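The file structure03.csv contains CSV, C-alpha atoms and all ligand atoms:
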```csv
chain,number,residue,atom,x,y,z
A,9,MET,CA,-14.9,10.0,-5.5
A,10,PRO,CA,-16.3,12.5,-8.1
A,11,SER,CA,-18.7,11.3,-10.8
A,12,ALA,CA,-17.0,9.7,-13.8
A,13,PRO,CA,-17.4,11.7,-17.0
A,14,PRO,CA,-20.0,10.4,-19.4
A,15,HIS,CA,-17.6,9.3,-22.1
A,16,ALA,CA,-18.0,6.0,-23.9
A,17,GLY,CA,-15.0,3.9,-23.1
A,18,ALA,CA,-13.7,0.4,-22.9
A,19,ARG,CA,-16.3,-2.0,-21.4
A,20,ASP,CA,-13.8,-3.2,-18.8
A,21,ALA,CA,-13.0,0.3,-17.6
A,22,THR,CA,-16.7,1.3,-17.5
A,23,GLU,CA,-17.4,-1.7,-15.4
A,24,LEU,CA,-14.6,-0.7,-13.0
A,25,GLY,CA,-16.2,2.7,-12.7
A,26,ARG,CA,-19.7,1.3,-12.0
A,27,ARG,CA,-18.3,-0.9,-9.2
A,28,ALA,CA,-16.2,1.9,-7.7
A,29,GLN,CA,-19.3,4.2,-7.6
A,30,ALA,CA,-21.5,1.5,-6.2
A,31,SER,CA,-19.0,0.9,-3.4
A,32,ASN,CA,-18.8,4.6,-2.6
A,33,THR,CA,-22.6,4.9,-2.5
A,34,MET,CA,-22.9,2.0,-0.1
A,35,SER,CA,-20.4,3.4,2.3
A,36,ASN,CA,-21.9,6.9,2.1
A,37,ASN,CA,-25.5,5.9,2.7
A,38,LYS,CA,-25.2,3.2,5.3
A,39,PRO,CA,-22.8,2.6,8.1
A,40,VAL,CA,-20.4,-0.3,7.9
A,41,PHE,CA,-19.7,-2.0,11.2
A,42,ILE,CA,-16.5,-3.9,11.3
A,43,PHE,CA,-15.7,-6.4,14.1
A,44,ARG,CA,-12.0,-7.1,14.4
A,45,ALA,CA,-12.3,-10.5,16.0
A,46,ILE,CA,-9.0,-11.7,17.2
A,47,ALA,CA,-10.4,-15.0,18.6
A,48,SER,CA,-8.4,-18.0,17.3
A,49,ASP,CA,-11.1,-20.3,18.6
A,50,ILE,CA,-13.9,-20.7,16.1
A,51,GLY,CA,-16.4,-21.1,18.9
A,52,ASP,CA,-15.4,-17.6,20.2
A,53,PHE,CA,-15.6,-16.2,16.7
A,54,LYS,CA,-19.0,-17.6,16.2
A,55,ALA,CA,-20.3,-16.2,19.5
A,56,LEU,CA,-19.1,-12.7,18.6
A,57,ALA,CA,-20.6,-13.0,15.1
A,58,GLU,CA,-23.9,-14.0,16.5
A,59,GLN,CA,-23.9,-10.9,18.6
A,60,ALA,CA,-22.9,-8.7,15.6
A,61,VAL,CA,-25.9,-9.9,13.7
A,62,ARG,CA,-28.2,-7.6,15.6
A,63,LEU,CA,-26.5,-4.6,13.8
A,64,LYS,CA,-27.6,-5.8,10.4
A,65,LYS,CA,-30.7,-3.7,10.5
A,66,TYR,CA,-28.6,-0.6,10.8
A,67,GLY,CA,-26.1,-1.2,8.0
A,68,ARG,CA,-23.5,-3.6,6.7
A,69,VAL,CA,-21.8,-5.8,9.2
A,70,GLU,CA,-18.4,-7.3,8.5
A,71,MET,CA,-16.4,-9.7,10.6
A,72,THR,CA,-12.6,-9.6,10.3
A,73,ILE,CA,-11.5,-13.0,9.1
A,74,SER,CA,-7.7,-12.6,8.9
A,75,GLY,CA,-6.6,-13.7,12.3
A,76,LEU,CA,-3.7,-16.1,12.1
A,77,ALA,CA,-4.3,-19.7,13.2
A,78,GLN,CA,-1.1,-19.5,15.1
A,79,LYS,CA,1.9,-17.2,15.7
A,80,ALA,CA,4.4,-17.2,12.7
A,81,ARG,CA,7.0,-19.0,14.7
A,82,TYR,CA,9.2,-19.6,11.6
A,83,GLU,CA,9.9,-15.9,11.6
A,84,ILE,CA,11.5,-15.9,15.1
A,85,PRO,CA,15.3,-16.2,15.1
A,86,GLU,CA,16.7,-19.4,16.8
A,87,SER,CA,18.3,-17.2,19.4
A,88,GLY,CA,15.0,-15.6,20.1
A,89,ASN,CA,13.9,-11.9,19.8
A,90,ALA,CA,11.5,-10.1,22.0
A,91,TRP,CA,10.2,-8.0,19.2
A,92,HIS,CA,9.1,-11.0,17.2
A,93,GLU,CA,7.1,-12.3,20.1
A,94,TYR,CA,4.4,-9.8,19.2
A,95,ALA,CA,5.1,-8.8,15.6
A,96,SER,CA,4.8,-12.4,14.5
A,97,ASN,CA,1.2,-12.4,15.5
A,98,ASN,CA,0.2,-9.9,12.8
A,99,PRO,CA,-1.7,-11.1,9.8
A,100,ALA,CA,-0.5,-10.3,6.3
A,101,LEU,CA,-1.7,-11.2,2.8
A,102,HIS,CA,1.3,-13.5,2.2
A,103,LYS,CA,0.5,-15.6,5.2
A,104,PHE,CA,-2.7,-16.7,3.5
A,105,PHE,CA,-2.2,-16.4,-0.2
A,106,PRO,CA,1.5,-16.0,-0.8
A,107,HIS,CA,2.6,-14.9,-4.3
A,108,GLU,CA,4.8,-17.6,-6.0
A,109,LYS,CA,7.9,-15.5,-5.4
A,110,ILE,CA,7.2,-15.4,-1.6
A,111,ALA,CA,5.7,-18.9,-1.2
A,112,PRO,CA,9.1,-20.7,-1.1
A,113,PHE,CA,10.0,-18.7,2.0
A,114,VAL,CA,6.8,-19.3,4.0
A,115,PRO,CA,6.1,-22.8,5.5
A,116,ALA,CA,3.3,-24.4,3.5
A,117,GLU,CA,1.8,-26.0,6.6
A,118,PHE,CA,1.5,-22.6,8.3
A,119,VAL,CA,-0.3,-21.2,5.2
A,120,GLN,CA,-2.6,-24.1,5.1
A,121,LYS,CA,-3.6,-23.7,8.7
A,122,ASN,CA,-4.4,-20.0,8.2
A,123,VAL,CA,-6.5,-20.7,5.1
A,124,ARG,CA,-8.4,-23.5,7.0
A,125,ALA,CA,-9.1,-21.0,9.8
A,126,LEU,CA,-10.2,-18.4,7.3
A,127,GLN,CA,-12.6,-21.0,5.7
A,128,GLU,CA,-14.1,-21.9,9.1
A,129,ARG,CA,-14.8,-18.2,9.7
A,130,LEU,CA,-16.3,-17.8,6.2
A,131,LYS,CA,-18.7,-20.7,6.9
A,132,VAL,CA,-19.9,-18.9,10.1
A,133,ILE,CA,-20.5,-15.5,8.4
A,134,ARG,CA,-22.2,-17.1,5.4
A,135,GLU,CA,-24.6,-18.9,7.7
A,136,LEU,CA,-25.3,-15.6,9.5
A,137,GLY,CA,-25.4,-13.5,6.3
A,138,LEU,CA,-22.6,-11.2,7.3
A,139,GLY,CA,-19.8,-9.5,5.3
A,140,ALA,CA,-16.1,-10.0,5.6
A,141,SER,CA,-13.1,-7.7,6.2
A,142,PHE,CA,-9.4,-8.4,6.1
A,143,TRP,CA,-7.1,-6.6,8.5
A,144,ALA,CA,-3.3,-6.8,8.1
A,145,GLY,CA,0.0,-5.1,8.7
A,146,GLU,CA,1.3,-4.2,5.2
A,147,PRO,CA,3.7,-4.1,3.5
A,148,ALA,CA,4.8,-6.7,6.0
A,149,PHE,CA,8.3,-7.8,6.7
A,150,LEU,CA,9.4,-10.9,4.7
A,151,PRO,CA,12.0,-13.5,5.6
A,152,GLU,CA,15.6,-12.5,5.1
A,153,ALA,CA,15.9,-15.5,2.7
A,154,PHE,CA,13.4,-13.8,0.4
A,155,PHE,CA,15.6,-10.7,0.2
A,156,ARG,CA,18.7,-12.7,-0.4
A,157,ALA,CA,17.0,-14.2,-3.4
A,158,ASN,CA,15.4,-10.9,-4.5
A,159,PRO,CA,17.9,-8.2,-3.3
A,160,HIS,CA,16.3,-5.6,-5.6
A,161,LEU,CA,13.1,-5.8,-3.7
A,162,ARG,CA,14.5,-5.0,-0.2
A,163,GLY,CA,12.7,-2.0,1.3
A,164,PRO,CA,13.0,-0.3,4.7
A,165,ARG,CA,14.0,-1.8,8.0
A,166,VAL,CA,10.8,-2.1,10.0
A,167,ASP,CA,11.6,-3.7,13.4
A,168,HIS,CA,11.8,-1.7,16.6
A,169,PRO,CA,15.5,-1.2,17.4
A,170,ARG,CA,14.8,-0.7,21.1
A,171,ARG,CA,13.1,-4.1,21.3
A,172,SER,CA,14.8,-6.1,18.6
A,173,LYS,CA,18.2,-7.7,18.2
A,174,HIS,CA,17.5,-8.7,14.6
A,175,GLU,CA,16.8,-6.4,11.7
A,176,VAL,CA,13.9,-7.2,9.4
A,177,PHE,CA,12.8,-5.6,6.2
A,178,ALA,CA,9.6,-4.9,4.3
A,179,PRO,CA,9.6,-5.0,0.5
A,180,CYS,CA,10.0,-1.7,-1.4
A,181,ILE,CA,6.6,-0.8,-2.8
A,182,ASP,CA,8.1,1.6,-5.3
A,183,HIS,CA,9.1,-1.4,-7.3
A,184,GLN,CA,6.6,-2.5,-9.9
A,185,GLU,CA,7.4,-6.1,-9.2
A,186,THR,CA,6.3,-5.6,-5.6
A,187,LEU,CA,3.1,-4.0,-6.6
A,188,GLU,CA,2.4,-6.9,-8.9
A,189,MET,CA,2.9,-9.4,-6.1
A,190,PHE,CA,0.5,-7.4,-3.9
A,191,ALA,CA,-2.1,-7.2,-6.7
A,192,TRP,CA,-1.9,-10.9,-7.2
A,193,MET,CA,-2.4,-11.6,-3.5
A,194,MET,CA,-5.3,-9.2,-3.2
A,195,ALA,CA,-7.0,-10.7,-6.3
A,196,GLU,CA,-6.5,-14.2,-4.8
A,197,LEU,CA,-8.1,-13.0,-1.5
A,198,VAL,CA,-11.1,-11.6,-3.4
A,199,ARG,CA,-11.5,-14.8,-5.4
A,200,ARG,CA,-11.5,-16.9,-2.2
A,201,VAL,CA,-13.6,-14.4,-0.2
A,202,PRO,CA,-16.2,-12.9,-2.5
A,203,GLU,CA,-17.9,-11.4,0.6
A,204,LEU,CA,-14.9,-9.2,1.2
A,205,GLY,CA,-16.1,-5.6,1.7
A,206,THR,CA,-13.1,-4.0,3.4
A,207,PHE,CA,-9.3,-4.4,3.3
A,208,CYS,CA,-7.7,-2.4,6.1
A,209,PHE,CA,-4.0,-2.3,6.7
A,210,LYS,CA,-1.8,-0.8,9.4
A,211,THR,CA,1.6,0.5,8.4
A,212,ASN,CA,4.9,1.8,9.9
A,213,ASP,CA,4.3,-0.3,13.0
A,214,ALA,CA,4.8,-3.9,14.3
A,215,GLY,CA,6.7,-5.3,11.3
A,216,SER,CA,5.2,-3.2,8.5
A,217,GLY,CA,6.6,-0.2,6.9
A,218,ILE,CA,6.9,2.1,3.9
A,219,CYS,CA,10.2,3.3,2.4
A,220,TRP,CA,11.5,6.6,3.8
A,221,ALA,CA,8.6,7.3,6.0
A,222,ASP,CA,9.6,9.7,8.8
A,223,TRP,CA,8.1,7.5,11.5
A,224,LEU,CA,9.7,4.2,10.8
A,225,TYR,CA,11.2,3.1,14.1
A,226,SER,CA,14.7,3.2,12.8
A,227,GLY,CA,14.1,6.6,11.2
A,228,PRO,CA,13.5,7.2,7.5
A,229,ASN,CA,15.3,4.5,5.5
A,230,GLY,CA,15.1,2.5,2.4
A,231,PRO,CA,16.8,1.9,-0.9
A,232,ALA,CA,18.6,4.8,-2.6
A,233,SER,CA,16.6,4.1,-5.8
A,234,CYS,CA,13.3,5.4,-4.3
A,235,ARG,CA,14.6,8.1,-1.9
A,236,GLN,CA,13.4,11.0,-4.1
A,237,ARG,CA,9.9,9.8,-4.6
A,238,SER,CA,7.1,11.5,-2.5
A,239,THR,CA,5.5,9.6,0.3
A,240,GLY,CA,2.1,10.6,-1.1
A,241,GLN,CA,2.8,9.1,-4.5
A,242,ARG,CA,4.1,5.8,-3.2
A,243,VAL,CA,1.2,5.3,-0.8
A,244,ALA,CA,-1.4,6.3,-3.4
A,245,GLU,CA,0.1,3.9,-5.9
A,246,PHE,CA,0.2,1.1,-3.3
A,247,MET,CA,-3.4,1.6,-2.3
A,248,GLY,CA,-4.5,2.1,-5.9
A,249,ALA,CA,-2.9,-1.2,-6.9
A,250,LEU,CA,-4.7,-3.0,-4.1
A,251,ARG,CA,-8.0,-1.4,-5.0
A,252,GLU,CA,-7.6,-2.0,-8.7
A,253,ALA,CA,-6.6,-5.6,-8.2
A,254,ALA,CA,-9.7,-6.2,-6.0
A,255,VAL,CA,-12.1,-4.7,-8.5
A,256,ARG,CA,-10.6,-6.5,-11.5
A,257,ALA,CA,-11.0,-9.8,-9.5
A,258,GLY,CA,-14.7,-9.0,-9.2
A,259,GLY,CA,-14.7,-7.5,-5.7
A,260,ASP,CA,-16.3,-4.4,-4.4
A,261,VAL,CA,-13.7,-3.7,-1.7
A,262,ARG,CA,-12.9,-0.5,0.2
A,263,VAL,CA,-9.2,-0.1,0.9
A,264,PHE,CA,-8.3,1.7,4.2
A,265,MET,CA,-5.0,2.4,5.8
A,266,THR,CA,-4.4,2.9,9.6
A,267,PRO,CA,-1.3,5.2,9.1
A,268,GLN,CA,1.6,6.3,11.2
A,269,PHE,CA,2.8,9.3,9.3
A,270,ARG,CA,3.7,12.8,10.4
A,271,THR,CA,1.2,15.5,9.5
A,272,GLY,CA,3.0,16.8,6.4
A,273,GLU,CA,3.2,13.2,5.0
A,274,MET,CA,-0.5,12.7,5.7
A,275,ARG,CA,-1.4,15.9,3.8
A,276,GLU,CA,0.7,14.7,0.9
A,277,ILE,CA,-0.9,11.2,1.0
A,278,ALA,CA,-4.4,12.7,1.1
A,279,CYS,CA,-3.7,14.9,-1.9
A,280,TYR,CA,-2.3,12.1,-4.0
A,281,CYS,CA,-5.1,9.8,-3.1
A,282,LEU,CA,-7.7,12.4,-4.0
A,283,THR,CA,-5.9,13.2,-7.2
A,284,ALA,CA,-5.6,9.4,-8.0
A,285,ALA,CA,-9.3,8.9,-7.3
A,286,THR,CA,-10.2,11.7,-9.7
A,287,TRP,CA,-8.0,10.1,-12.3
A,288,MET,CA,-9.3,6.6,-11.7
A,289,ALA,CA,-12.9,7.9,-12.0
A,290,ALA,CA,-12.0,9.5,-15.3
A,291,ALA,CA,-10.2,6.3,-16.4
A,292,ALA,CA,-13.2,4.2,-15.4
A,293,GLY,CA,-15.5,6.4,-17.4
A,294,GLY,CA,-13.4,6.0,-20.5
A,295,ALA,CA,-12.0,9.5,-20.6
A,296,SER,CA,-9.6,10.0,-23.5
A,297,GLU,CA,-6.6,10.7,-21.4
A,298,ALA,CA,-7.0,7.4,-19.5
A,299,GLY,CA,-4.3,4.9,-20.3
A,300,PRO,CA,-2.3,2.0,-18.7
A,301,THR,CA,0.2,4.4,-17.2
A,302,ARG,CA,-0.9,6.7,-14.4
A,303,PRO,CA,0.0,10.4,-15.1
A,304,TRP,CA,2.5,10.9,-12.2
A,305,SER,CA,3.6,14.2,-13.5
A,306,ARG,CA,0.1,15.6,-13.2
A,307,TRP,CA,-0.2,14.2,-9.7
A,308,ASP,CA,3.1,15.9,-8.8
A,309,ALA,CA,1.8,19.2,-10.2
A,310,ALA,CA,-1.5,19.0,-8.4
A,311,CYS,CA,0.1,18.0,-5.0
A,312,SER,CA,3.3,19.9,-4.9
A,313,THR,CA,1.7,22.9,-3.1
A,314,HIS,CA,0.2,20.7,-0.4
A,315,ALA,CA,3.3,18.8,0.6
A,316,ILE,CA,5.1,20.1,3.7
A,317,ARG,CA,8.5,18.4,3.9
B,1,ZN,ZN,11.0,2.1,-1.9
```
What is this file in structure tokens?
Amino acid sequence: MPSAPPHAGARDATELGRRAQASNTMSNNKPVFIFRAIASDIGDFKALAEQAVRLKKYGRVEMTISGLAQKARYEIPESGNAWHEYASNNPALHKFFPHEKIAPFVPAEFVQKNVRALQERLKVIRELGLGASFWAGEPAFLPEAFFRANPHLRGPRVDHPRRSKHEVFAPCIDHQETLEMFAWMMAELVRRVPELGTFCFKTNDAGSGICWADWLYSGPNGPASCRQRSTGQRVAEFMGALREAAVRAGGDVRVFMTPQFRTGEMREIACYCLTAATWMAAAAGGASEAGPTRPWSRWDAACSTHAIR
């Protein structure tokens, strides 16, 4: 991220910039070791964490704390579905800290078990002086009942048609309401896990997906309302919303994506993310053009020559 310009700005925005720069400096100067522990048993998790401690002298060590306490069996249709047998093992923000619009559609007991498991892991890493990371598949598919109640938020079909007899859908992240839900869930994660250093999400695979992406398993699909938006813009806005929510909640969190996009989409995403980072640095420094609305038209102008569609 380039240096923020030395403008005097709003205290809040300046603080955002300081934290963003501090985060960048840390990741540039020292390696960050992330252990994606999938152990559901806390004893196994602790054994791995104790081995990870030896890397502390070389950099920051983070243990992934987002493993589910159990498979999300409530997601599996009564008649069964082979695809759900693995997709329902994937963590997602809403399985720990569901936004109030999602919470009625996720069993409270399931959420409580996941939070309890997360707290047990937190106790271990706090005793050992380690950092935390959260790994998830996002935007993750949501129960059909959610979309029946909120039809305007239905995004792309994200199951694998060769393995699935039941369609599932992720929310459309082009919708401001969806971004606000994710921002709330990310903020809640940061409040509950102040040690969080990294949020990493996989997408377009195993029950997660982004509207109109070429490599969605059913092919590019989504609502007509967002079809004309660029993949780069929608991904940059999603990642920016997560990052901004984390920082505003007091976190110093790097947001990473494990993508499944074709090369042209990746170039477009990279361009939009870089342009967004430049703008956010300017906003954080209090530059006069900074405002509550991101300058999409300028992003489009800067990135149009990089997009290969
Ligand atoms: Zn969309």
(request) Excluding Ala254 of chain A and any residue of its chain fewer than 4 positions from it, enumerate the residues within 10 Å of it, using only C-alpha atoms, and give them as a VMD selection string. (result) chain A and resid 191 to 199 202 204 207 248 to 250 258 to 263
(message) Need the shell around segment 52-54 of chain A: protein/DNA/RNA residues with any atom at most 10 Å away, counting only C-alpha atoms. Skip same-chain ones fewer than 5 positions apart. Format as a PyMOL selection string?
(response) chain A and resi 45-47+59-60+71-73+128-129+131-133+136
(request) Could you check how far atom CA of Trp143 of chain A sits from atom CA of Cys234 of chain A, in Å to one decimal? (result)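 Computing the Euclidean distance for atom CA of Trp143 of chain A and atom CA of Cys234 of chain A yields 26.9 Å.
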Set the cut-off to 10 Å, count only C-alpha atoms and all ligand atoms, and list whatever residues fall near ligand ZN 1 (chain B) as a PDB file with C-alpha atoms, in the frame of the given file.
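Written file, part12.pdb:
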```
ATOM      1  CA  LEU A 161      13.100  -5.800  -3.700  1.00  0.00           C
ATOM      2  CA  ARG A 162      14.500  -5.000  -0.200  1.00  0.00           C
ATOM      3  CA  GLY A 163      12.700  -2.000   1.300  1.00  0.00           C
ATOM      4  CA  PRO A 164      13.000  -0.300   4.700  1.00  0.00           C
ATOM      5  CA  ALA A 178       9.600  -4.900   4.300  1.00  0.00           C
ATOM      6  CA  PRO A 179       9.600  -5.000   0.500  1.00  0.00           C
ATOM      7  CA  CYS A 180      10.000  -1.700  -1.400  1.00  0.00           C
ATOM      8  CA  ILE A 181       6.600  -0.800  -2.800  1.00  0.00           C
ATOM      9  CA  ASP A 182       8.100   1.600  -5.300  1.00  0.00           C
ATOM     10  CA  HIS A 183       9.100  -1.400  -7.300  1.00  0.00           C
ATOM     11  CA  THR A 186       6.300  -5.600  -5.600  1.00  0.00           C
ATOM     12  CA  ILE A 218       6.900   2.100   3.900  1.00  0.00           C
ATOM     13  CA  CYS A 219      10.200   3.300   2.400  1.00  0.00           C
ATOM     14  CA  TRP A 220      11.500   6.600   3.800  1.00  0.00           C
ATOM     15  CA  ALA A 221       8.600   7.300   6.000  1.00  0.00           C
ATOM     16  CA  ASN A 229      15.300   4.500   5.500  1.00  0.00           C
ATOM     17  CA  GLY A 230      15.100   2.500   2.400  1.00  0.00           C
ATOM     18  CA  PRO A 231      16.800   1.900  -0.900  1.00  0.00           C
ATOM     19  CA  ALA A 232      18.600   4.800  -2.600  1.00  0.00           C
ATOM     20  CA  SER A 233      16.600   4.100  -5.800  1.00  0.00           C
ATOM     21  CA  CYS A 234      13.300   5.400  -4.300  1.00  0.00           C
ATOM     22  CA  ARG A 235      14.600   8.100  -1.900  1.00  0.00           C
ATOM     23  CA  GLN A 236      13.400  11.000  -4.100  1.00  0.00           C
ATOM     24  CA  ARG A 237       9.900   9.800  -4.600  1.00  0.00           C
ATOM     25  CA  THR A 239       5.500   9.600   0.300  1.00  0.00           C
ATOM     26  CA  ARG A 242       4.100   5.800  -3.200  1.00  0.00           C
TER      27      ARG A 242
END
```
(request) Can you pull out every residue within 12 Å of Gly137 of chain A, counting all atoms listed in the file, but drop anything in the same chain fewer than 4 positions away, and send it as number ranges by chain? (result) A: 57-58, 60-65, 68-71, 130-133, 203
Keeping only C-alpha atoms, take the residues you just selected and write them out as a PDB file, keeping the file's coordinate frame.
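Output below, filename again-v1.pdb:
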```
ATOM      1  CA  ALA A  57     -20.600 -13.000  15.100  1.00  0.00           C
ATOM      2  CA  GLU A  58     -23.900 -14.000  16.500  1.00  0.00           C
ATOM      3  CA  ALA A  60     -22.900  -8.700  15.600  1.00  0.00           C
ATOM      4  CA  VAL A  61     -25.900  -9.900  13.700  1.00  0.00           C
ATOM      5  CA  ARG A  62     -28.200  -7.600  15.600  1.00  0.00           C
ATOM      6  CA  LEU A  63     -26.500  -4.600  13.800  1.00  0.00           C
ATOM      7  CA  LYS A  64     -27.600  -5.800  10.400  1.00  0.00           C
ATOM      8  CA  LYS A  65     -30.700  -3.700  10.500  1.00  0.00           C
ATOM      9  CA  ARG A  68     -23.500  -3.600   6.700  1.00  0.00           C
ATOM     10  CA  VAL A  69     -21.800  -5.800   9.200  1.00  0.00           C
ATOM     11  CA  GLU A  70     -18.400  -7.300   8.500  1.00  0.00           C
ATOM     12  CA  MET A  71     -16.400  -9.700  10.600  1.00  0.00           C
ATOM     13  CA  LEU A 130     -16.300 -17.800   6.200  1.00  0.00           C
ATOM     14  CA  LYS A 131     -18.700 -20.700   6.900  1.00  0.00           C
ATOM     15  CA  VAL A 132     -19.900 -18.900  10.100  1.00  0.00           C
ATOM     16  CA  ILE A 133     -20.500 -15.500   8.400  1.00  0.00           C
ATOM     17  CA  GLU A 203     -17.900 -11.400   0.600  1.00  0.00           C
TER      18      GLU A 203
END
```
(request) Can you work out which one of A:Asn89, A:Ser172, A:Asn122, A:Ser141 has the shortest atom-to-atom distance to Phe105 of chain A, counting all atoms listed in the file? (result)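 Result for the nearest residue to Phe105 of chain A: A:Asn122.
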(message) Give me, as a list of chain:residue names, all polymer residues having an atom no more than 8 Å from segment 111-120 of chain A, counting only C-alpha atoms and skipping those fewer than 4 positions away in the same chain.
(response)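 In the requested form, the answer reads A:Gln78, A:Ala80, A:Tyr82, A:His102, A:Lys103, A:Phe104, A:Phe105, A:Pro106, A:His107, A:Arg124, A:Pro151, A:Ala153, A:Phe154.
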(request) Go through A:Glu152, A:Glu245, A:Asp222, A:Glu185 one by one, measure the shortest atom-to-atom distance of each to Phe269 of chain A using only C-alpha atoms, and give the residue with the smallest value. (result) A:Asp222
(request) For Ser216 of chain A, please output as a list in words all residues within 8 Å (counting all atoms listed in the file; exclusion window: fewer than 6 positions along the same chain). (result) Gly145, Glu146, Pro147, Ala148, Phe149, Val166, Ala178 and Lys210 of chain A
Go ahead and dump the residues you just picked, C-alpha atoms, as a compact mmCIF listing (two decimals), in the coordinates of the input.
```
# COMPACT_ATOMS: atom_id res chain seq x y z
CA GLY A 145 0.00 -5.10 8.70
CA GLU A 146 1.30 -4.20 5.20
CA PRO A 147 3.70 -4.10 3.50
CA ALA A 148 4.80 -6.70 6.00
CA PHE A 149 8.30 -7.80 6.70
CA VAL A 166 10.80 -2.10 10.00
CA ALA A 178 9.60 -4.90 4.30
CA LYS A 210 -1.80 -0.80 9.40
```
(request) Can you work out which one of A:Ile110, A:Lys79, A:Val201, A:Gly272 has the shortest atom-to-atom distance to Tyr94 of chain A, counting only C-alpha atoms? (result)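 Checking each of A:Ile110, A:Lys79, A:Val201, A:Gly272 against Tyr94 of chain A, counting only C-alpha atoms, the winner is A:Lys79.
The residue that comes closest to Leu150 of chain A, out of A:Leu126, A:Val40, A:Leu101, A:Ala77 and on the basis of only C-alpha atoms, is A:Leu101.
Of note, atom CA of Arg134 of chain A and atom CA of Ser96 of chain A are spaced 28.9 Å apart.
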